[in-house]
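Listing of work_37.cif; format and content: mmCIF, N, CA and C atoms.
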data_upload
#
loop_
_atom_site.label_atom_id
_atom_site.label_comp_id
_atom_site.auth_asym_id
_atom_site.auth_seq_id
_atom_site.Cartn_x
_atom_site.Cartn_y
_atom_site.Cartn_z
N MET A 23 8.48 -12.08 -11.12
CA MET A 23 7.94 -13.40 -11.28
C MET A 23 7.85 -14.07 -9.92
N LEU A 24 6.78 -14.81 -9.77
CA LEU A 24 6.53 -15.51 -8.52
C LEU A 24 6.18 -16.95 -8.84
N ALA A 25 6.90 -17.88 -8.25
CA ALA A 25 6.62 -19.30 -8.46
C ALA A 25 5.75 -19.81 -7.33
N VAL A 26 4.68 -20.54 -7.69
CA VAL A 26 3.80 -21.15 -6.70
C VAL A 26 3.64 -22.62 -7.03
N ALA A 27 3.35 -23.41 -6.01
CA ALA A 27 3.22 -24.86 -6.19
C ALA A 27 1.76 -25.22 -6.40
N ALA A 28 1.13 -24.60 -7.37
CA ALA A 28 -0.28 -24.88 -7.68
C ALA A 28 -0.43 -24.87 -9.19
N SER A 29 -1.50 -25.48 -9.66
CA SER A 29 -1.74 -25.51 -11.11
C SER A 29 -2.11 -24.11 -11.60
N VAL A 30 -2.11 -23.94 -12.91
CA VAL A 30 -2.45 -22.65 -13.50
C VAL A 30 -3.88 -22.26 -13.11
N ALA A 31 -4.81 -23.19 -13.21
CA ALA A 31 -6.21 -22.88 -12.87
C ALA A 31 -6.36 -22.50 -11.40
N ASP A 32 -5.67 -23.22 -10.51
CA ASP A 32 -5.73 -22.89 -9.09
C ASP A 32 -5.09 -21.54 -8.80
N THR A 33 -4.01 -21.24 -9.51
CA THR A 33 -3.34 -19.95 -9.31
C THR A 33 -4.22 -18.81 -9.78
N ILE A 34 -4.88 -18.96 -10.92
CA ILE A 34 -5.79 -17.92 -11.41
C ILE A 34 -6.96 -17.75 -10.43
N GLU A 35 -7.44 -18.85 -9.88
CA GLU A 35 -8.50 -18.78 -8.88
C GLU A 35 -8.00 -18.05 -7.62
N ALA A 36 -6.76 -18.30 -7.22
CA ALA A 36 -6.18 -17.62 -6.05
C ALA A 36 -6.03 -16.13 -6.32
N ILE A 37 -5.67 -15.76 -7.55
CA ILE A 37 -5.56 -14.34 -7.90
C ILE A 37 -6.94 -13.69 -7.79
N GLY A 38 -7.98 -14.37 -8.27
CA GLY A 38 -9.33 -13.84 -8.15
C GLY A 38 -9.76 -13.67 -6.71
N ALA A 39 -9.43 -14.63 -5.84
CA ALA A 39 -9.77 -14.54 -4.42
C ALA A 39 -9.01 -13.40 -3.75
N ALA A 40 -7.73 -13.25 -4.09
CA ALA A 40 -6.93 -12.16 -3.52
C ALA A 40 -7.44 -10.81 -4.01
N ALA A 41 -7.85 -10.73 -5.27
CA ALA A 41 -8.40 -9.49 -5.81
C ALA A 41 -9.67 -9.10 -5.07
N GLU A 42 -10.48 -10.09 -4.75
CA GLU A 42 -11.70 -9.80 -3.99
C GLU A 42 -11.35 -9.31 -2.58
N MET A 43 -10.35 -9.90 -1.96
CA MET A 43 -9.91 -9.46 -0.63
C MET A 43 -9.37 -8.05 -0.65
N TRP A 44 -8.70 -7.67 -1.73
CA TRP A 44 -8.09 -6.35 -1.86
C TRP A 44 -9.03 -5.33 -2.46
N ASP A 45 -10.25 -5.70 -2.79
CA ASP A 45 -11.22 -4.82 -3.44
C ASP A 45 -10.67 -4.34 -4.80
N ALA A 46 -10.07 -5.27 -5.53
CA ALA A 46 -9.51 -4.98 -6.84
C ALA A 46 -10.44 -5.53 -7.92
N ALA A 47 -10.31 -4.98 -9.10
CA ALA A 47 -11.08 -5.48 -10.25
C ALA A 47 -10.21 -6.47 -11.00
N TRP A 48 -10.69 -7.69 -11.19
CA TRP A 48 -9.93 -8.76 -11.83
C TRP A 48 -10.70 -9.26 -13.03
N GLU A 49 -10.08 -9.17 -14.20
CA GLU A 49 -10.66 -9.69 -15.44
C GLU A 49 -9.86 -10.94 -15.81
N ALA A 50 -10.42 -12.11 -15.50
CA ALA A 50 -9.70 -13.37 -15.71
C ALA A 50 -9.72 -13.76 -17.17
N ARG A 51 -8.61 -14.35 -17.60
CA ARG A 51 -8.46 -14.94 -18.93
C ARG A 51 -7.89 -16.33 -18.75
N PRO A 52 -7.85 -17.15 -19.79
CA PRO A 52 -7.34 -18.52 -19.63
C PRO A 52 -5.90 -18.60 -19.11
N SER A 53 -5.06 -17.67 -19.48
CA SER A 53 -3.66 -17.74 -19.04
C SER A 53 -3.27 -16.54 -18.18
N GLY A 54 -4.22 -15.96 -17.47
CA GLY A 54 -3.91 -14.81 -16.63
C GLY A 54 -5.07 -13.86 -16.57
N GLY A 55 -4.79 -12.59 -16.78
CA GLY A 55 -5.85 -11.60 -16.78
C GLY A 55 -5.33 -10.19 -16.58
N ARG A 56 -6.26 -9.29 -16.32
CA ARG A 56 -5.95 -7.88 -16.13
C ARG A 56 -6.43 -7.49 -14.73
N LEU A 57 -5.61 -6.72 -14.04
CA LEU A 57 -5.88 -6.38 -12.65
C LEU A 57 -5.85 -4.87 -12.45
N HIS A 58 -6.89 -4.35 -11.79
CA HIS A 58 -6.94 -2.95 -11.36
C HIS A 58 -6.81 -2.98 -9.84
N LEU A 59 -5.62 -2.70 -9.33
CA LEU A 59 -5.28 -2.92 -7.93
C LEU A 59 -5.17 -1.60 -7.17
N PRO A 60 -5.93 -1.44 -6.06
CA PRO A 60 -5.73 -0.24 -5.23
C PRO A 60 -4.44 -0.39 -4.42
N VAL A 61 -3.68 0.70 -4.33
CA VAL A 61 -2.39 0.66 -3.63
C VAL A 61 -2.28 1.83 -2.66
N LEU A 62 -1.46 1.65 -1.64
CA LEU A 62 -1.13 2.69 -0.67
C LEU A 62 0.38 2.82 -0.62
N ALA A 63 0.84 4.06 -0.60
CA ALA A 63 2.28 4.31 -0.51
C ALA A 63 2.50 5.52 0.39
N GLY A 64 2.56 5.27 1.69
CA GLY A 64 2.71 6.37 2.63
C GLY A 64 1.46 7.22 2.66
N ILE A 65 1.60 8.52 2.37
CA ILE A 65 0.41 9.38 2.35
C ILE A 65 -0.15 9.50 0.93
N ARG A 66 0.34 8.67 0.03
CA ARG A 66 -0.22 8.62 -1.32
C ARG A 66 -1.08 7.37 -1.45
N ARG A 67 -2.09 7.48 -2.27
CA ARG A 67 -2.93 6.33 -2.58
C ARG A 67 -3.26 6.38 -4.06
N GLY A 68 -3.58 5.23 -4.61
CA GLY A 68 -3.86 5.21 -6.04
C GLY A 68 -4.25 3.83 -6.52
N ARG A 69 -4.10 3.63 -7.83
CA ARG A 69 -4.45 2.37 -8.47
C ARG A 69 -3.34 1.99 -9.44
N VAL A 70 -3.15 0.68 -9.57
CA VAL A 70 -2.18 0.13 -10.51
C VAL A 70 -2.96 -0.73 -11.49
N LEU A 71 -2.71 -0.53 -12.77
CA LEU A 71 -3.30 -1.36 -13.82
C LEU A 71 -2.20 -2.28 -14.32
N ALA A 72 -2.43 -3.60 -14.23
CA ALA A 72 -1.38 -4.56 -14.56
C ALA A 72 -1.92 -5.74 -15.34
N ASP A 73 -1.07 -6.29 -16.19
CA ASP A 73 -1.35 -7.55 -16.86
C ASP A 73 -0.69 -8.65 -16.06
N VAL A 74 -1.45 -9.70 -15.81
CA VAL A 74 -0.95 -10.84 -15.05
C VAL A 74 -0.98 -12.06 -15.97
N GLU A 75 0.15 -12.73 -16.06
CA GLU A 75 0.24 -13.93 -16.89
C GLU A 75 0.68 -15.09 -16.00
N VAL A 76 -0.02 -16.21 -16.13
CA VAL A 76 0.30 -17.40 -15.35
C VAL A 76 0.73 -18.49 -16.32
N ARG A 77 1.94 -19.02 -16.09
CA ARG A 77 2.49 -20.08 -16.95
C ARG A 77 2.74 -21.32 -16.12
N ALA A 78 2.54 -22.47 -16.75
CA ALA A 78 2.80 -23.74 -16.08
C ALA A 78 4.30 -23.99 -16.04
N THR A 79 4.77 -24.56 -14.92
CA THR A 79 6.16 -24.96 -14.78
C THR A 79 6.18 -26.41 -14.28
N ALA A 80 7.36 -26.96 -14.15
CA ALA A 80 7.48 -28.35 -13.72
C ALA A 80 7.01 -28.54 -12.27
N THR A 81 7.14 -27.50 -11.45
CA THR A 81 6.77 -27.62 -10.04
C THR A 81 5.44 -26.96 -9.69
N GLY A 82 4.74 -26.42 -10.66
CA GLY A 82 3.47 -25.74 -10.40
C GLY A 82 3.20 -24.70 -11.45
N SER A 83 3.26 -23.44 -11.06
CA SER A 83 3.05 -22.35 -12.02
C SER A 83 3.86 -21.13 -11.61
N GLU A 84 3.94 -20.21 -12.54
CA GLU A 84 4.73 -19.00 -12.35
C GLU A 84 3.88 -17.80 -12.74
N ILE A 85 3.87 -16.78 -11.90
CA ILE A 85 3.07 -15.58 -12.15
C ILE A 85 4.00 -14.47 -12.63
N ALA A 86 3.67 -13.90 -13.78
CA ALA A 86 4.38 -12.73 -14.29
C ALA A 86 3.44 -11.53 -14.13
N PHE A 87 3.91 -10.50 -13.44
CA PHE A 87 3.11 -9.32 -13.11
C PHE A 87 3.75 -8.12 -13.80
N ARG A 88 3.07 -7.55 -14.79
CA ARG A 88 3.63 -6.41 -15.54
C ARG A 88 2.71 -5.21 -15.36
N ILE A 89 3.24 -4.14 -14.77
CA ILE A 89 2.46 -2.93 -14.54
C ILE A 89 2.41 -2.12 -15.83
N ASP A 90 1.18 -1.84 -16.28
CA ASP A 90 0.98 -1.02 -17.47
C ASP A 90 0.86 0.45 -17.13
N HIS A 91 0.15 0.73 -16.05
CA HIS A 91 -0.13 2.13 -15.71
C HIS A 91 -0.35 2.22 -14.20
N ASP A 92 0.15 3.28 -13.61
CA ASP A 92 -0.15 3.54 -12.20
C ASP A 92 -0.44 5.01 -12.02
N GLU A 93 -1.33 5.30 -11.09
CA GLU A 93 -1.66 6.69 -10.79
C GLU A 93 -1.81 6.83 -9.29
N TYR A 94 -1.23 7.89 -8.76
CA TYR A 94 -1.25 8.15 -7.33
C TYR A 94 -1.75 9.57 -7.09
N GLU A 95 -2.35 9.76 -5.92
CA GLU A 95 -2.71 11.10 -5.49
C GLU A 95 -2.34 11.21 -4.01
N VAL A 96 -2.05 12.43 -3.59
CA VAL A 96 -1.67 12.68 -2.21
C VAL A 96 -2.92 12.80 -1.36
N ASN A 97 -2.89 12.19 -0.20
CA ASN A 97 -3.96 12.32 0.77
C ASN A 97 -3.83 13.72 1.38
N ARG A 98 -4.62 14.67 0.90
CA ARG A 98 -4.45 16.07 1.28
C ARG A 98 -4.69 16.37 2.75
N PRO A 99 -5.72 15.78 3.39
CA PRO A 99 -5.86 16.05 4.82
C PRO A 99 -4.64 15.58 5.63
N ALA A 100 -4.07 14.43 5.27
CA ALA A 100 -2.88 13.95 5.97
C ALA A 100 -1.71 14.90 5.74
N LEU A 101 -1.58 15.41 4.52
CA LEU A 101 -0.50 16.35 4.22
C LEU A 101 -0.66 17.63 5.04
N LEU A 102 -1.89 18.10 5.18
CA LEU A 102 -2.14 19.30 5.98
C LEU A 102 -1.73 19.08 7.44
N PHE A 103 -2.07 17.92 8.01
CA PHE A 103 -1.67 17.64 9.38
C PHE A 103 -0.14 17.56 9.50
N LEU A 104 0.53 17.02 8.50
CA LEU A 104 1.99 16.95 8.54
C LEU A 104 2.62 18.34 8.46
N VAL A 105 2.05 19.22 7.66
CA VAL A 105 2.56 20.59 7.57
C VAL A 105 2.36 21.31 8.91
N LEU A 106 1.19 21.13 9.52
CA LEU A 106 0.96 21.73 10.83
C LEU A 106 1.93 21.16 11.87
N GLY A 107 2.20 19.87 11.80
CA GLY A 107 3.19 19.27 12.70
C GLY A 107 4.58 19.85 12.48
N ALA A 108 4.92 20.10 11.23
CA ALA A 108 6.22 20.71 10.94
C ALA A 108 6.29 22.13 11.50
N LEU A 109 5.19 22.87 11.42
CA LEU A 109 5.17 24.21 12.01
C LEU A 109 5.33 24.13 13.53
N GLY A 110 4.67 23.14 14.14
CA GLY A 110 4.85 22.94 15.58
C GLY A 110 6.28 22.60 15.93
N GLY A 111 6.91 21.78 15.11
CA GLY A 111 8.32 21.44 15.32
C GLY A 111 9.22 22.64 15.16
N LEU A 112 8.91 23.50 14.20
CA LEU A 112 9.71 24.70 13.98
C LEU A 112 9.62 25.63 15.19
N VAL A 113 8.41 25.79 15.74
CA VAL A 113 8.25 26.61 16.93
C VAL A 113 9.06 26.03 18.08
N THR A 114 9.04 24.72 18.24
CA THR A 114 9.78 24.07 19.32
C THR A 114 11.28 24.26 19.15
N ILE A 115 11.77 24.20 17.93
CA ILE A 115 13.21 24.38 17.68
C ILE A 115 13.64 25.82 17.91
N LEU A 116 12.79 26.78 17.49
CA LEU A 116 13.15 28.19 17.61
C LEU A 116 12.87 28.77 18.99
N LEU A 117 12.18 28.05 19.84
CA LEU A 117 11.81 28.56 21.17
C LEU A 117 13.02 29.00 22.01
N PRO A 118 14.11 28.24 22.05
CA PRO A 118 15.26 28.72 22.85
C PRO A 118 15.88 30.01 22.31
N LEU A 119 15.73 30.26 21.02
CA LEU A 119 16.32 31.46 20.43
C LEU A 119 15.45 32.69 20.63
N TYR A 120 14.13 32.51 20.63
CA TYR A 120 13.18 33.61 20.77
C TYR A 120 12.12 33.26 21.82
N PRO A 121 12.52 33.11 23.07
CA PRO A 121 11.57 32.62 24.08
C PRO A 121 10.40 33.57 24.34
N LYS A 122 10.65 34.87 24.39
CA LYS A 122 9.58 35.82 24.70
C LYS A 122 8.53 35.87 23.60
N GLN A 123 8.95 35.75 22.35
CA GLN A 123 8.02 35.86 21.23
C GLN A 123 7.25 34.56 20.99
N LEU A 124 7.85 33.41 21.27
CA LEU A 124 7.25 32.13 20.89
C LEU A 124 6.63 31.34 22.04
N ILE A 125 6.82 31.77 23.28
CA ILE A 125 6.29 30.98 24.40
C ILE A 125 4.77 30.88 24.35
N ALA A 126 4.11 31.86 23.80
CA ALA A 126 2.64 31.82 23.70
C ALA A 126 2.18 30.76 22.71
N PHE A 127 3.04 30.41 21.75
CA PHE A 127 2.67 29.42 20.73
C PHE A 127 3.05 27.99 21.12
N LEU A 128 3.75 27.81 22.24
CA LEU A 128 4.21 26.49 22.64
C LEU A 128 3.08 25.47 22.83
N PRO A 129 2.00 25.79 23.55
CA PRO A 129 0.93 24.79 23.69
C PRO A 129 0.32 24.37 22.35
N LEU A 130 0.13 25.34 21.47
CA LEU A 130 -0.43 25.02 20.15
C LEU A 130 0.54 24.19 19.33
N SER A 131 1.83 24.49 19.43
CA SER A 131 2.81 23.70 18.67
C SER A 131 2.86 22.26 19.17
N ILE A 132 2.69 22.06 20.47
CA ILE A 132 2.67 20.69 21.01
C ILE A 132 1.44 19.94 20.49
N VAL A 133 0.31 20.62 20.44
CA VAL A 133 -0.91 20.01 19.90
C VAL A 133 -0.70 19.63 18.43
N PHE A 134 -0.07 20.52 17.65
CA PHE A 134 0.19 20.23 16.24
C PHE A 134 1.13 19.03 16.09
N LEU A 135 2.18 18.99 16.90
CA LEU A 135 3.12 17.87 16.83
C LEU A 135 2.44 16.54 17.18
N LEU A 136 1.70 16.52 18.26
CA LEU A 136 1.01 15.29 18.66
C LEU A 136 -0.06 14.90 17.65
N GLY A 137 -0.77 15.89 17.12
CA GLY A 137 -1.79 15.60 16.10
C GLY A 137 -1.18 15.00 14.85
N ALA A 138 -0.05 15.53 14.42
CA ALA A 138 0.61 14.98 13.23
C ALA A 138 1.05 13.54 13.49
N TRP A 139 1.54 13.27 14.69
CA TRP A 139 1.98 11.91 14.99
C TRP A 139 0.80 10.96 15.11
N LEU A 140 -0.19 11.33 15.91
CA LEU A 140 -1.30 10.42 16.19
C LEU A 140 -2.23 10.21 15.00
N LEU A 141 -2.42 11.25 14.18
CA LEU A 141 -3.37 11.15 13.08
C LEU A 141 -2.75 10.69 11.77
N VAL A 142 -1.45 10.90 11.60
CA VAL A 142 -0.84 10.59 10.30
C VAL A 142 0.33 9.63 10.43
N ALA A 143 1.37 10.04 11.10
CA ALA A 143 2.63 9.29 11.08
C ALA A 143 2.49 7.88 11.65
N SER A 144 1.67 7.71 12.67
CA SER A 144 1.53 6.39 13.27
C SER A 144 0.66 5.45 12.43
N ARG A 145 -0.03 6.00 11.44
CA ARG A 145 -0.94 5.19 10.62
C ARG A 145 -0.49 5.04 9.18
N VAL A 146 0.71 5.43 8.86
CA VAL A 146 1.21 5.31 7.49
C VAL A 146 1.37 3.84 7.15
N ARG A 147 0.80 3.44 6.03
CA ARG A 147 0.87 2.05 5.60
C ARG A 147 1.29 2.00 4.13
N THR A 148 1.77 0.86 3.74
CA THR A 148 2.03 0.62 2.33
C THR A 148 1.38 -0.71 1.96
N ALA A 149 0.81 -0.73 0.80
CA ALA A 149 0.21 -1.96 0.26
C ALA A 149 0.29 -1.85 -1.25
N GLY A 150 1.15 -2.65 -1.84
CA GLY A 150 1.37 -2.57 -3.27
C GLY A 150 1.35 -3.93 -3.94
N PRO A 151 1.82 -3.97 -5.17
CA PRO A 151 1.81 -5.23 -5.92
C PRO A 151 2.57 -6.37 -5.24
N THR A 152 3.67 -6.08 -4.57
CA THR A 152 4.42 -7.13 -3.88
C THR A 152 3.58 -7.76 -2.77
N ASP A 153 2.88 -6.92 -2.02
CA ASP A 153 2.01 -7.43 -0.96
C ASP A 153 0.85 -8.24 -1.55
N PHE A 154 0.33 -7.79 -2.69
CA PHE A 154 -0.74 -8.53 -3.35
C PHE A 154 -0.24 -9.91 -3.79
N LEU A 155 0.95 -9.97 -4.37
CA LEU A 155 1.49 -11.25 -4.81
C LEU A 155 1.79 -12.17 -3.62
N ASP A 156 2.16 -11.61 -2.48
CA ASP A 156 2.34 -12.42 -1.27
C ASP A 156 1.01 -13.04 -0.85
N THR A 157 -0.07 -12.27 -0.96
CA THR A 157 -1.41 -12.79 -0.64
C THR A 157 -1.78 -13.91 -1.60
N VAL A 158 -1.49 -13.72 -2.89
CA VAL A 158 -1.78 -14.76 -3.88
C VAL A 158 -1.00 -16.03 -3.56
N ALA A 159 0.28 -15.88 -3.20
CA ALA A 159 1.11 -17.06 -2.88
C ALA A 159 0.54 -17.82 -1.68
N GLU A 160 0.07 -17.09 -0.68
CA GLU A 160 -0.53 -17.76 0.49
C GLU A 160 -1.80 -18.51 0.11
N LEU A 161 -2.62 -17.88 -0.74
CA LEU A 161 -3.89 -18.51 -1.13
C LEU A 161 -3.68 -19.68 -2.09
N ALA A 162 -2.62 -19.64 -2.88
CA ALA A 162 -2.39 -20.68 -3.88
C ALA A 162 -1.66 -21.90 -3.32
N GLU A 163 -1.10 -21.80 -2.13
CA GLU A 163 -0.38 -22.93 -1.55
C GLU A 163 -1.34 -24.09 -1.35
N PRO A 164 -0.93 -25.28 -1.75
CA PRO A 164 -1.80 -26.44 -1.51
C PRO A 164 -1.95 -26.73 -0.02
N ASP A 165 -3.12 -27.18 0.35
CA ASP A 165 -3.42 -27.49 1.74
C ASP A 165 -2.66 -28.76 2.15
N PRO A 166 -1.78 -28.68 3.18
CA PRO A 166 -1.00 -29.87 3.56
C PRO A 166 -1.84 -30.98 4.19
N ASP A 167 -3.05 -30.64 4.67
CA ASP A 167 -3.89 -31.64 5.34
C ASP A 167 -4.73 -32.46 4.36
N GLY A 168 -4.67 -32.07 3.09
CA GLY A 168 -5.39 -32.90 2.13
C GLY A 168 -6.31 -32.11 1.34
#
Could you express the structure from this file as structure tokens?
Amino acid sequence: MLAVAASVADTIEAIGAAAEMWDAAWEARPSGGRLHLPVLAGIRRGRVLADVEVRATATGSEIAFRIDHDEYEVNRPALLFLVLGALGGLVTILLPLYPKQLIAFLPLSIVFLLGAWLLVASRVRTAGPTDFLDTVAELAEPDPDG
């Protein structure tokens, strides 16, 4: 549950604006609606289907977010780069034990390690329902200037 200092209508409007920013599908109803939200979780990506209910309170309104269904899939190219990076790391770890056999693979293992870091690990992001509700709270806040 998230409490915001805005009316129910303004909060539902803020949810619609946030859904548009997130490229989500929003089906508005008088007291809330249904949300199809794209999410990121590390190297997984997917969609969350949720019911959103907005209730009036003494200080504004309250958002109840209930997830009905979620589905995720692994980003396969990112997983492949991580596996190659792990192989590069394995070569680097085993190099002192088998220097004559593995020295030829050292340049390739360094490329795999750097590729895994630069292409995948440095770009891992998360964006889920909590981040979406934070966006809604920012959009629903009343303007202090009037």
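Taking only C-alpha atoms into account, Phe134 in chain A lies nearest to A:Thr114 out of the set A:Thr79, A:Ser29, A:Thr152, A:Thr114.
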Picked residues, the PyMOL selection byres ((chain A and resi 85) around 6), as a short mmCIF file (atom, residue, chain, number, x, y, z; two decimals) with N, CA and C atoms, in the coordinates of the input:
data_model
loop_
_atom_site.label_atom_id
_atom_site.label_comp_id
_atom_site.auth_asym_id
_atom_site.auth_seq_id
_atom_site.Cartn_x
_atom_site.Cartn_y
_atom_site.Cartn_z
N MET A 23 8.48 -12.08 -11.12
CA MET A 23 7.94 -13.40 -11.28
C MET A 23 7.85 -14.07 -9.92
N LEU A 24 6.78 -14.81 -9.77
CA LEU A 24 6.53 -15.51 -8.52
C LEU A 24 6.18 -16.95 -8.84
N ALA A 25 6.90 -17.88 -8.25
CA ALA A 25 6.62 -19.30 -8.46
C ALA A 25 5.75 -19.81 -7.33
N VAL A 26 4.68 -20.54 -7.69
CA VAL A 26 3.80 -21.15 -6.70
C VAL A 26 3.64 -22.62 -7.03
N GLU A 75 0.15 -12.73 -16.06
CA GLU A 75 0.24 -13.93 -16.89
C GLU A 75 0.68 -15.09 -16.00
N VAL A 76 -0.02 -16.21 -16.13
CA VAL A 76 0.30 -17.40 -15.35
C VAL A 76 0.73 -18.49 -16.32
N ARG A 77 1.94 -19.02 -16.09
CA ARG A 77 2.49 -20.08 -16.95
C ARG A 77 2.74 -21.32 -16.12
N SER A 83 3.26 -23.44 -11.06
CA SER A 83 3.05 -22.35 -12.02
C SER A 83 3.86 -21.13 -11.61
N GLU A 84 3.94 -20.21 -12.54
CA GLU A 84 4.73 -19.00 -12.35
C GLU A 84 3.88 -17.80 -12.74
N ALA A 86 3.67 -13.90 -13.78
CA ALA A 86 4.38 -12.73 -14.29
C ALA A 86 3.44 -11.53 -14.13
N PHE A 87 3.91 -10.50 -13.44
CA PHE A 87 3.11 -9.32 -13.11
C PHE A 87 3.75 -8.12 -13.80
#
Could you tell me which residues the PyMOL selection byres ((chain A and resi 95) around 6.5) grabs in this file, written as a list in words?
Ile65, Arg66, Arg67, Gly68, Glu93, Tyr94, Val96, Asn97 and Arg98 of chain A
Selection: 12 Å around Ala143 in chain A, only C-alpha atoms, excl. self and same-chain fewer than 5 positions, as a JSON list (two decimals) with N, CA and C atoms, in the frame of the given file:
[["chain", "number", "residue", "atom", "x", "y", "z"],
["A", 64, "GLY", "N", 2.56, 5.27, 1.69],
["A", 64, "GLY", "CA", 2.71, 6.37, 2.63],
["A", 64, "GLY", "C", 1.46, 7.22, 2.66],
["A", 65, "ILE", "N", 1.60, 8.52, 2.37],
["A", 65, "ILE", "CA", 0.41, 9.38, 2.35],
["A", 65, "ILE", "C", -0.15, 9.50, 0.93],
["A", 100, "ALA", "N", -4.07, 14.43, 5.27],
["A", 100, "ALA", "CA", -2.88, 13.95, 5.97],
["A", 100, "ALA", "C", -1.71, 14.90, 5.74],
["A", 101, "LEU", "N", -1.58, 15.41, 4.52],
["A", 101, "LEU", "CA", -0.50, 16.35, 4.22],
["A", 101, "LEU", "C", -0.66, 17.63, 5.04],
["A", 103, "PHE", "N", -2.07, 17.92, 8.01],
["A", 103, "PHE", "CA", -1.67, 17.64, 9.38],
["A", 103, "PHE", "C", -0.14, 17.56, 9.50],
["A", 104, "LEU", "N", 0.53, 17.02, 8.50],
["A", 104, "LEU", "CA", 1.99, 16.95, 8.54],
["A", 104, "LEU", "C", 2.62, 18.34, 8.46],
["A", 105, "VAL", "N", 2.05, 19.22, 7.66],
["A", 105, "VAL", "CA", 2.56, 20.59, 7.57],
["A", 105, "VAL", "C", 2.36, 21.31, 8.91],
["A", 107, "GLY", "N", 2.20, 19.87, 11.80],
["A", 107, "GLY", "CA", 3.19, 19.27, 12.70],
["A", 107, "GLY", "C", 4.58, 19.85, 12.48],
["A", 108, "ALA", "N", 4.92, 20.10, 11.23],
["A", 108, "ALA", "CA", 6.22, 20.71, 10.94],
["A", 108, "ALA", "C", 6.29, 22.13, 11.50],
["A", 135, "LEU", "N", 2.18, 18.99, 16.90],
["A", 135, "LEU", "CA", 3.12, 17.87, 16.83],
["A", 135, "LEU", "C", 2.44, 16.54, 17.18],
["A", 136, "LEU", "N", 1.70, 16.52, 18.26],
["A", 136, "LEU", "CA", 1.01, 15.29, 18.66],
["A", 136, "LEU", "C", -0.06, 14.90, 17.65],
["A", 137, "GLY", "N", -0.77, 15.89, 17.12],
["A", 137, "GLY", "CA", -1.79, 15.60, 16.10],
["A", 137, "GLY", "C", -1.18, 15.00, 14.85],
["A", 138, "ALA", "N", -0.05, 15.53, 14.42],
["A", 138, "ALA", "CA", 0.61, 14.98, 13.23],
["A", 138, "ALA", "C", 1.05, 13.54, 13.49]]
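You will find atom C of His58 in chain A at 9.2 Å from atom N of Asp73 in chain A.
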Skip Glu160 in chain A itself and residues of its chain fewer than 5 positions away, then list as a ChimeraX atom specification all residues within 8 Å of it, counting only N, CA and C atoms.
/A:36,154-155
Can you pull out the residues contacting range 44-46 of chain A? Cut-off 8 Å, using only N, CA and C atoms, and skip same-chain residues under 4 positions away; I want them as number ranges by chain.
A: 38-40, 57-60, 154
Atom pair atom C of Val158 in chain A / atom N of Val61 in chain A: separation (Å)
17.0 Å
Counting only C-alpha atoms, select every polymer residue within 8 Å of (4.8, 24.7, 17.5) as defined in the file's coordinates, and provide the selection as an mmCIF file with N, CA and C atoms, in the frame of the given file.
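Result saved to result.cif:
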data_model
loop_
_atom_site.group_PDB
_atom_site.id
_atom_site.type_symbol
_atom_site.label_atom_id
_atom_site.label_comp_id
_atom_site.auth_asym_id
_atom_site.auth_seq_id
_atom_site.Cartn_x
_atom_site.Cartn_y
_atom_site.Cartn_z
ATOM 1 N N GLY A 107 2.200 19.870 11.800
ATOM 2 C CA GLY A 107 3.190 19.270 12.700
ATOM 3 C C GLY A 107 4.580 19.850 12.480
ATOM 4 N N ALA A 108 4.920 20.100 11.230
ATOM 5 C CA ALA A 108 6.220 20.710 10.940
ATOM 6 C C ALA A 108 6.290 22.130 11.500
ATOM 7 N N LEU A 109 5.190 22.870 11.420
ATOM 8 C CA LEU A 109 5.170 24.210 12.010
ATOM 9 C C LEU A 109 5.330 24.130 13.530
ATOM 10 N N GLY A 110 4.670 23.140 14.140
ATOM 11 C CA GLY A 110 4.850 22.940 15.580
ATOM 12 C C GLY A 110 6.280 22.600 15.930
ATOM 13 N N GLY A 111 6.910 21.780 15.110
ATOM 14 C CA GLY A 111 8.320 21.440 15.320
ATOM 15 C C GLY A 111 9.220 22.640 15.160
ATOM 16 N N LEU A 112 8.910 23.500 14.200
ATOM 17 C CA LEU A 112 9.710 24.700 13.980
ATOM 18 C C LEU A 112 9.620 25.630 15.190
ATOM 19 N N VAL A 113 8.410 25.790 15.740
ATOM 20 C CA VAL A 113 8.250 26.610 16.930
ATOM 21 C C VAL A 113 9.060 26.030 18.080
ATOM 22 N N THR A 114 9.040 24.720 18.240
ATOM 23 C CA THR A 114 9.780 24.070 19.320
ATOM 24 C C THR A 114 11.280 24.260 19.150
ATOM 25 N N PHE A 127 3.040 30.410 21.750
ATOM 26 C CA PHE A 127 2.670 29.420 20.730
ATOM 27 C C PHE A 127 3.050 27.990 21.120
ATOM 28 N N LEU A 128 3.750 27.810 22.240
ATOM 29 C CA LEU A 128 4.210 26.490 22.640
ATOM 30 C C LEU A 128 3.080 25.470 22.830
ATOM 31 N N PRO A 129 2.000 25.790 23.550
ATOM 32 C CA PRO A 129 0.930 24.790 23.690
ATOM 33 C C PRO A 129 0.320 24.370 22.350
ATOM 34 N N LEU A 130 0.130 25.340 21.470
ATOM 35 C CA LEU A 130 -0.430 25.020 20.150
ATOM 36 C C LEU A 130 0.540 24.190 19.330
ATOM 37 N N SER A 131 1.830 24.490 19.430
ATOM 38 C CA SER A 131 2.810 23.700 18.670
ATOM 39 C C SER A 131 2.860 22.260 19.170
ATOM 40 N N ILE A 132 2.690 22.060 20.470
ATOM 41 C CA ILE A 132 2.670 20.690 21.010
ATOM 42 C C ILE A 132 1.440 19.940 20.490
ATOM 43 N N VAL A 133 0.310 20.620 20.440
ATOM 44 C CA VAL A 133 -0.910 20.010 19.900
ATOM 45 C C VAL A 133 -0.700 19.630 18.430
ATOM 46 N N PHE A 134 -0.070 20.520 17.650
ATOM 47 C CA PHE A 134 0.190 20.230 16.240
ATOM 48 C C PHE A 134 1.130 19.030 16.090
ATOM 49 N N LEU A 135 2.180 18.990 16.900
ATOM 50 C CA LEU A 135 3.120 17.870 16.830
ATOM 51 C C LEU A 135 2.440 16.540 17.180
#
Straight-line distance linking CA of Val74 in chain A with CA of Arg56 in chain A, stated in Å to one decimal
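Separation between CA of Val74 in chain A and CA of Arg56 in chain A: 5.9 Å.
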